[in-house]
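Note: the block below is final17.txt and it holds compact mmCIF, C-alpha atoms.
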# COMPACT_ATOMS: atom_id res chain seq x y z
CA MET A 1 -8.92 21.48 -28.78
CA ALA A 2 -9.56 24.72 -26.87
CA LYS A 3 -12.75 23.20 -25.46
CA ILE A 4 -10.85 20.17 -24.14
CA ILE A 5 -8.21 22.36 -22.51
CA ALA A 6 -10.87 24.56 -20.91
CA THR A 7 -12.73 21.53 -19.56
CA ALA A 8 -9.54 20.03 -18.14
CA SER A 9 -8.62 23.33 -16.51
CA ALA A 10 -12.05 23.64 -14.91
CA VAL A 11 -11.92 20.13 -13.49
CA LEU A 12 -8.37 20.63 -12.21
CA THR A 13 -9.41 23.84 -10.49
CA SER A 14 -12.36 22.11 -8.84
CA MET A 15 -10.19 19.27 -7.53
CA THR A 16 -7.65 21.77 -6.22
CA LEU A 17 -10.39 23.46 -4.20
CA MET A 18 -11.51 20.10 -2.82
CA ILE A 19 -7.97 19.27 -1.71
CA SER A 20 -7.66 22.65 -0.01
CA ALA A 21 -10.89 22.09 1.95
CA GLU A 22 -10.87 21.44 5.66
CA ARG A 23 -8.88 18.27 6.40
CA SER A 24 -11.20 17.21 9.21
CA LEU A 25 -13.60 15.87 6.57
CA ALA A 26 -11.14 13.05 5.84
CA ASP A 27 -11.42 11.70 9.39
CA GLU A 28 -15.19 11.69 9.84
CA ARG A 29 -16.88 8.33 10.14
CA PRO A 30 -18.49 6.47 8.51
CA LEU A 31 -17.53 8.39 5.37
CA ILE A 32 -14.10 8.07 3.72
CA TRP A 33 -12.99 11.23 1.93
CA THR A 34 -9.29 11.62 1.04
CA PRO A 35 -8.33 14.06 -1.74
CA THR A 36 -4.71 14.04 -2.95
CA LYS A 37 -2.53 16.13 -5.22
CA ASN A 38 0.11 14.08 -7.03
CA SER A 39 1.44 16.93 -9.16
CA ASP A 40 0.33 20.22 -10.70
CA THR A 41 -1.68 18.33 -13.31
CA SER A 42 -2.58 15.11 -11.47
CA TYR A 43 -5.22 14.86 -8.77
CA GLY A 44 -7.21 12.11 -7.11
CA VAL A 45 -9.83 11.47 -4.48
CA ARG A 46 -10.65 8.35 -2.48
CA LEU A 47 -14.34 8.05 -1.66
CA GLY A 48 -15.89 5.31 0.42
CA LEU A 49 -17.97 4.16 3.34
CA ARG A 50 -17.16 2.31 6.55
CA LEU A 51 -19.82 -0.05 7.83
CA PRO A 52 -20.36 -0.25 11.62
CA ASN A 53 -19.91 -4.00 12.02
CA GLU A 54 -17.40 -6.44 13.51
CA LEU A 55 -15.68 -6.96 10.15
CA GLN A 56 -14.88 -3.23 9.86
CA SER A 57 -15.91 -3.39 6.20
CA GLU A 58 -14.91 -0.60 3.83
CA ALA A 59 -15.75 -0.06 0.19
CA GLY A 60 -15.47 2.78 -2.24
CA ILE A 61 -14.02 4.22 -5.42
CA ASN A 62 -10.81 6.01 -6.40
CA LEU A 63 -11.25 8.77 -8.96
CA GLY A 64 -8.33 10.46 -10.68
CA LEU A 65 -7.56 13.16 -13.17
CA ASP A 66 -4.30 13.44 -15.10
CA SER A 67 -4.06 16.29 -17.60
CA GLN A 68 -1.07 16.25 -19.96
CA LYS A 69 0.48 19.06 -22.03
CA ASN A 70 -1.01 17.70 -25.25
CA ALA A 71 -4.51 18.27 -23.80
CA VAL A 72 -5.10 14.53 -23.28
CA VAL A 73 -7.05 13.93 -20.06
CA ASN A 74 -6.90 10.55 -18.32
CA THR A 75 -9.53 9.71 -15.71
CA PRO A 76 -8.61 6.44 -13.96
CA VAL A 77 -11.42 4.86 -11.94
CA ARG A 78 -10.81 2.06 -9.46
CA LEU A 79 -13.24 0.27 -7.18
CA TRP A 80 -11.97 -1.19 -3.89
CA GLY A 81 -13.14 -3.03 -0.82
CA LYS A 82 -11.66 -4.17 2.48
CA ILE A 83 -12.81 -6.59 5.19
CA THR A 84 -10.99 -7.08 8.49
CA ALA A 85 -11.13 -10.83 9.12
CA SER A 86 -9.16 -10.73 12.40
CA SER A 87 -7.88 -8.01 14.70
CA ILE A 88 -6.17 -8.59 18.04
CA GLN A 89 -4.40 -5.82 19.96
CA THR A 90 -2.60 -6.46 23.26
CA PRO A 91 0.52 -4.85 24.78
CA ALA A 92 2.66 -7.85 23.78
CA TYR A 93 0.86 -9.10 20.66
CA GLN A 94 -0.82 -7.64 17.57
CA LEU A 95 -2.60 -9.45 14.75
CA ASN A 96 -4.36 -8.01 11.71
CA ARG A 97 -5.79 -10.03 8.84
CA ASP A 98 -7.47 -8.17 5.98
CA ILE A 99 -9.16 -9.22 2.75
CA ARG A 100 -8.84 -6.60 0.00
CA ILE A 101 -10.32 -6.48 -3.48
CA ASN A 102 -9.92 -3.97 -6.30
CA LEU A 103 -11.20 -3.45 -9.83
CA ASP A 104 -9.84 -1.15 -12.51
CA ALA A 105 -12.94 0.06 -14.34
CA VAL A 106 -10.89 1.27 -17.32
CA THR A 107 -8.74 -1.80 -18.10
CA GLY A 108 -10.96 -4.48 -16.57
CA SER A 109 -8.12 -5.76 -14.38
CA SER A 110 -9.01 -6.91 -10.87
CA GLY A 111 -7.49 -8.62 -7.87
CA ALA A 112 -8.09 -10.03 -4.39
CA ARG A 113 -5.54 -10.34 -1.58
CA VAL A 114 -5.35 -11.69 1.95
CA ILE A 115 -2.90 -9.65 4.03
CA MET A 116 -1.76 -10.77 7.47
CA SER A 117 0.48 -8.84 9.86
CA GLU A 118 1.58 -10.32 13.18
CA LYS A 119 3.80 -8.66 15.79
CA ARG A 120 4.91 -10.05 19.10
CA ILE A 121 7.41 -9.38 21.85
CA ALA A 122 9.51 -12.56 21.84
CA SER A 123 11.69 -11.53 24.79
CA GLU A 124 12.83 -8.44 26.62
CA ALA A 125 15.37 -7.78 23.86
CA LEU A 126 13.74 -9.16 20.70
CA ASP A 127 10.60 -8.29 18.72
CA VAL A 128 9.31 -10.50 15.88
CA GLU A 129 7.10 -9.34 13.01
CA VAL A 130 5.63 -11.65 10.35
CA ASN A 131 3.90 -10.38 7.20
CA ARG A 132 2.14 -12.58 4.65
CA GLN A 133 0.28 -11.82 1.44
CA TYR A 134 -1.64 -14.21 -0.81
CA GLY A 135 -3.51 -13.02 -3.83
CA MET A 136 -4.97 -13.56 -7.26
CA ARG A 137 -5.24 -10.88 -9.90
CA TYR A 138 -6.79 -10.77 -13.34
CA ASP A 139 -4.84 -9.06 -16.12
CA GLY A 140 -7.44 -7.45 -18.35
CA ALA A 141 -4.98 -6.86 -21.20
CA ALA A 142 -3.72 -10.47 -21.29
CA SER A 143 -7.06 -12.01 -20.19
CA ASN A 144 -5.51 -14.37 -17.66
CA TRP A 145 -5.33 -14.93 -13.90
CA ILE A 146 -2.05 -14.62 -11.99
CA GLY A 147 -1.31 -15.92 -8.49
CA GLU A 148 1.10 -14.21 -6.08
CA ALA A 149 2.39 -14.93 -2.58
CA SER A 150 4.99 -13.38 -0.31
CA GLN A 151 6.19 -13.67 3.27
CA SER A 152 8.68 -11.81 5.41
CA VAL A 153 10.01 -12.30 8.93
CA LYS A 154 11.60 -9.37 10.76
CA VAL A 155 13.55 -9.82 13.99
CA SER A 156 14.42 -6.56 15.77
CA ARG A 157 16.60 -5.83 18.74
CA ALA A 158 14.99 -2.90 20.53
CA GLY A 159 18.05 -1.89 22.52
CA THR A 160 20.37 -1.41 19.52
CA GLY A 161 17.88 -0.59 16.75
CA THR A 162 19.15 -3.49 14.63
CA ALA A 163 16.80 -5.59 12.53
CA VAL A 164 17.22 -8.60 10.21
CA ILE A 165 14.57 -9.33 7.60
CA LEU A 166 14.11 -12.57 5.63
CA GLU A 167 11.81 -12.48 2.60
CA ALA A 168 10.42 -15.00 0.12
CA ARG A 169 8.04 -14.46 -2.78
CA ALA A 170 6.33 -16.33 -5.60
CA LEU A 171 5.08 -14.35 -8.61
CA ASP A 172 3.35 -15.09 -11.90
CA THR A 173 1.61 -18.17 -10.47
CA PHE A 174 4.91 -19.59 -9.12
CA ARG A 175 6.74 -19.21 -12.42
CA GLU A 176 9.06 -16.73 -10.71
CA LEU A 177 10.52 -17.35 -7.25
CA GLY A 178 12.67 -15.04 -5.22
CA ALA A 179 14.17 -14.56 -1.78
CA GLY A 180 16.18 -11.94 0.03
CA ILE A 181 17.79 -10.90 3.27
CA ALA A 182 18.06 -7.37 4.58
CA VAL A 183 19.69 -5.67 7.55
CA GLU A 184 18.57 -2.36 9.04
CA GLN A 185 20.38 -0.22 11.58
CA LYS A 186 18.69 2.71 13.24
CA ILE A 187 21.12 5.60 13.74
CA SER A 188 18.72 8.14 15.21
CA GLU A 189 15.01 8.78 15.51
CA ARG A 190 14.86 9.80 11.84
CA LEU A 191 17.95 8.27 10.21
CA SER A 192 18.53 4.59 9.44
CA LEU A 193 20.91 2.57 7.24
CA ASN A 194 19.94 -0.55 5.32
CA GLY A 195 21.46 -3.16 3.06
CA ARG A 196 19.94 -6.12 1.25
CA ILE A 197 20.72 -9.03 -1.09
CA ASP A 198 18.08 -10.51 -3.44
CA GLN A 199 18.01 -13.54 -5.70
CA ALA A 200 15.30 -14.43 -8.22
CA THR A 201 14.93 -17.32 -10.63
CA ASN A 202 14.56 -14.98 -13.61
CA ALA A 203 17.84 -13.14 -12.83
CA ASP A 204 21.36 -14.15 -13.82
CA GLY A 205 22.73 -13.54 -10.34
CA PRO A 206 22.02 -11.97 -6.98
CA SER A 207 21.50 -8.23 -6.64
CA SER A 208 22.49 -6.07 -3.69
CA ASN A 209 22.15 -2.51 -2.53
CA ILE A 210 23.02 -0.30 0.42
CA GLY A 211 21.11 2.84 1.32
CA ALA A 212 20.04 5.30 3.96
CA ARG A 213 16.61 6.60 4.89
CA TYR A 214 15.69 9.85 6.55
CA THR A 215 12.09 10.40 7.58
CA PHE A 216 10.25 13.46 8.79
CA LYS A 217 6.72 14.81 9.02
CA TRP A 218 5.51 18.20 7.89
Final structure tokens representation of the file:
Amino acid sequence: MAKIIATASAVLTSMTLMISAERSLADERPLIWTPTKNSDTSYGVRLGLRLPNELQSEAGINLGLDSQKNAVVNTPVRLWGKITASSIQTPAYQLNRDIRINLDAVTGSSGARVIMSEKRIASEALDVEVNRQYGMRYDGAASNWIGEASQSVKVSRAGTGTAVILEARALDTFRELGAGIAVEQKISERLSLNGRIDQATNADGPSSNIGARYTFKW
């Protein structure tokens, strides 16, 4: 038991030193190096490589360490990849379409998703943003494939900071359907209010919530 605790402490100390290293390493190309500290006993690092091609391909591995009080050490390992299928950037229009894959080396679960984000200036007063996701994932514990899809449309009024969002989703290979509508109101540069109503086929009735969000950067 003492040996396990000592080993965990040594690894935690090493990862702490990596996180404290110079942050400029995380921005160097073509290498991807992003250490994180989730808590005093949970650390992770994202390692990968960017390929210098038109597809802006990225691939790598996520390594983690989670040490608990009972001396149990979990080391999650996840493989990931990303390919940029389309990328258009103009003053009035933006389009990004990515293909992302991931594999959990511990559980055997995996997944692939196509993510599309489209933004355009519809008029002098209105901006429109459309987000779509389509994916398949394999549940290693249940040994089955699950299909998922979602789409949202956000219409914003730049002058007032008001936005309306319509969402639709299909989960568990279309066994569960859901939809929602949300309203956001920007109060200041950092403060915004929001409210939403959701309805899903597996719920007895609609759900709603109202909240506020305050954002800042260290």
>> So that I can see what lies close to A:Leu31, please list as a list in words the residues with an atom at most 7 Å from it, counting only C-alpha atoms and leaving out residues fewer than 5 positions away in the same chain.
In response: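 After dropping sequence-adjacent residues, the list is Gly48, Leu49 and Arg50 of chain A.
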> Suppose you want the space between atom CA of A:Ala179 and atom CA of A:Thr215; what is it in Å?
Replying inline: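 Between atom CA of A:Ala179 and atom CA of A:Thr215 the gap is 26.7 Å.
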>> Can you tell me which residues surround A:Thr173 at a distance of at most 6 Å, considering all atoms listed in the file, apart from same-chain residues fewer than 2 positions away, and format the answer as a list of chain:residue names?
In response: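 Everything that qualifies: A:Ile146, A:Gly147, A:Glu148, A:Leu171, A:Arg175.
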> What is the atom CA of A:Ile101-atom CA of A:Thr75 distance in Å, reported with one decimal?
Replying inline: 20.3 Å
>> Excluding stretch 115-123 of chain A and its own-chain neighbours fewer than 2 positions away, which residues fall within 8 Å of it when counting all atoms listed in the file? Please give them as a list in words.
In response: Ala92, Tyr93, Gln94, Leu95, Asn96, Arg97, Asp98, Ile99, Arg100, Arg113, Ala125, Leu126, Asp127, Val128, Glu129, Val130, Asn131, Arg132, Gln133 and Tyr134 of chain A
>> Using all atoms listed in the file, which protein or nucleic acid residues come within 8 Å of A:Lys186? Drop anything in the same chain fewer than 2 positions from it, and give the result as a ChimeraX atom specification.
In response: /A:160-162,184,188-189,191-193
>> With distances taken over all atoms listed in the file, which residue among A:Tyr43, A:Ile165, A:Gly108, A:Arg157 lies nearest A:Ser143?
In response: A:Gly108
> If we count all atoms listed in the file, what is near A:Ala203 at a cut-off of 12 Å, once residues fewer than 2 positions away on the same chain are taken out, given as a PyMOL selection string?
Replying inline: chain A and resi 176-179+198-201+205-207
>> Taking only C-alpha atoms into account, name the residue in A:Val183, A:Gly81, A:Leu103, A:Ala170 that is nearest to A:Asn202.
In response: A:Ala170
> What gap, in Å, lies between atom CA of A:Arg196 and atom CA of A:Phe216?
Replying inline: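 That distance, rounded to one decimal, is 23.1 Å.
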>> So, with only C-alpha atoms as the atoms that count, which of A:Gly195, A:Gly44, A:Pro76, A:Pro35 lies closest to A:Ala163?
In response: A:Gly195
>> Here's a test: counting all atoms listed in the file, identify every protein, DNA and RNA residue with an atom at most 10 Å from (-20.8, -2.1, 4.8) in the file's coordinate frame, and state them as a ChimeraX atom specification.
In response: /A:30,48-53,55-59,81-83
>> At a cut-off of 7 Å around the point (-9.9, 8.6, 2.3) (file coordinates), what residues fall inside when counting only C-alpha atoms? I'd like the answer as a list of chain:residue names.
In response: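 Here the neighbourhood of the point contains A:Ala26, A:Ile32, A:Trp33, A:Thr34, A:Pro35, A:Arg46, A:Leu47.
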>> My list of candidates is A:Asp66, A:Glu54, A:Asp104, A:Asp172. Which is closest to A:Ser39 when distances are computed with only C-alpha atoms?
In response: A:Asp66
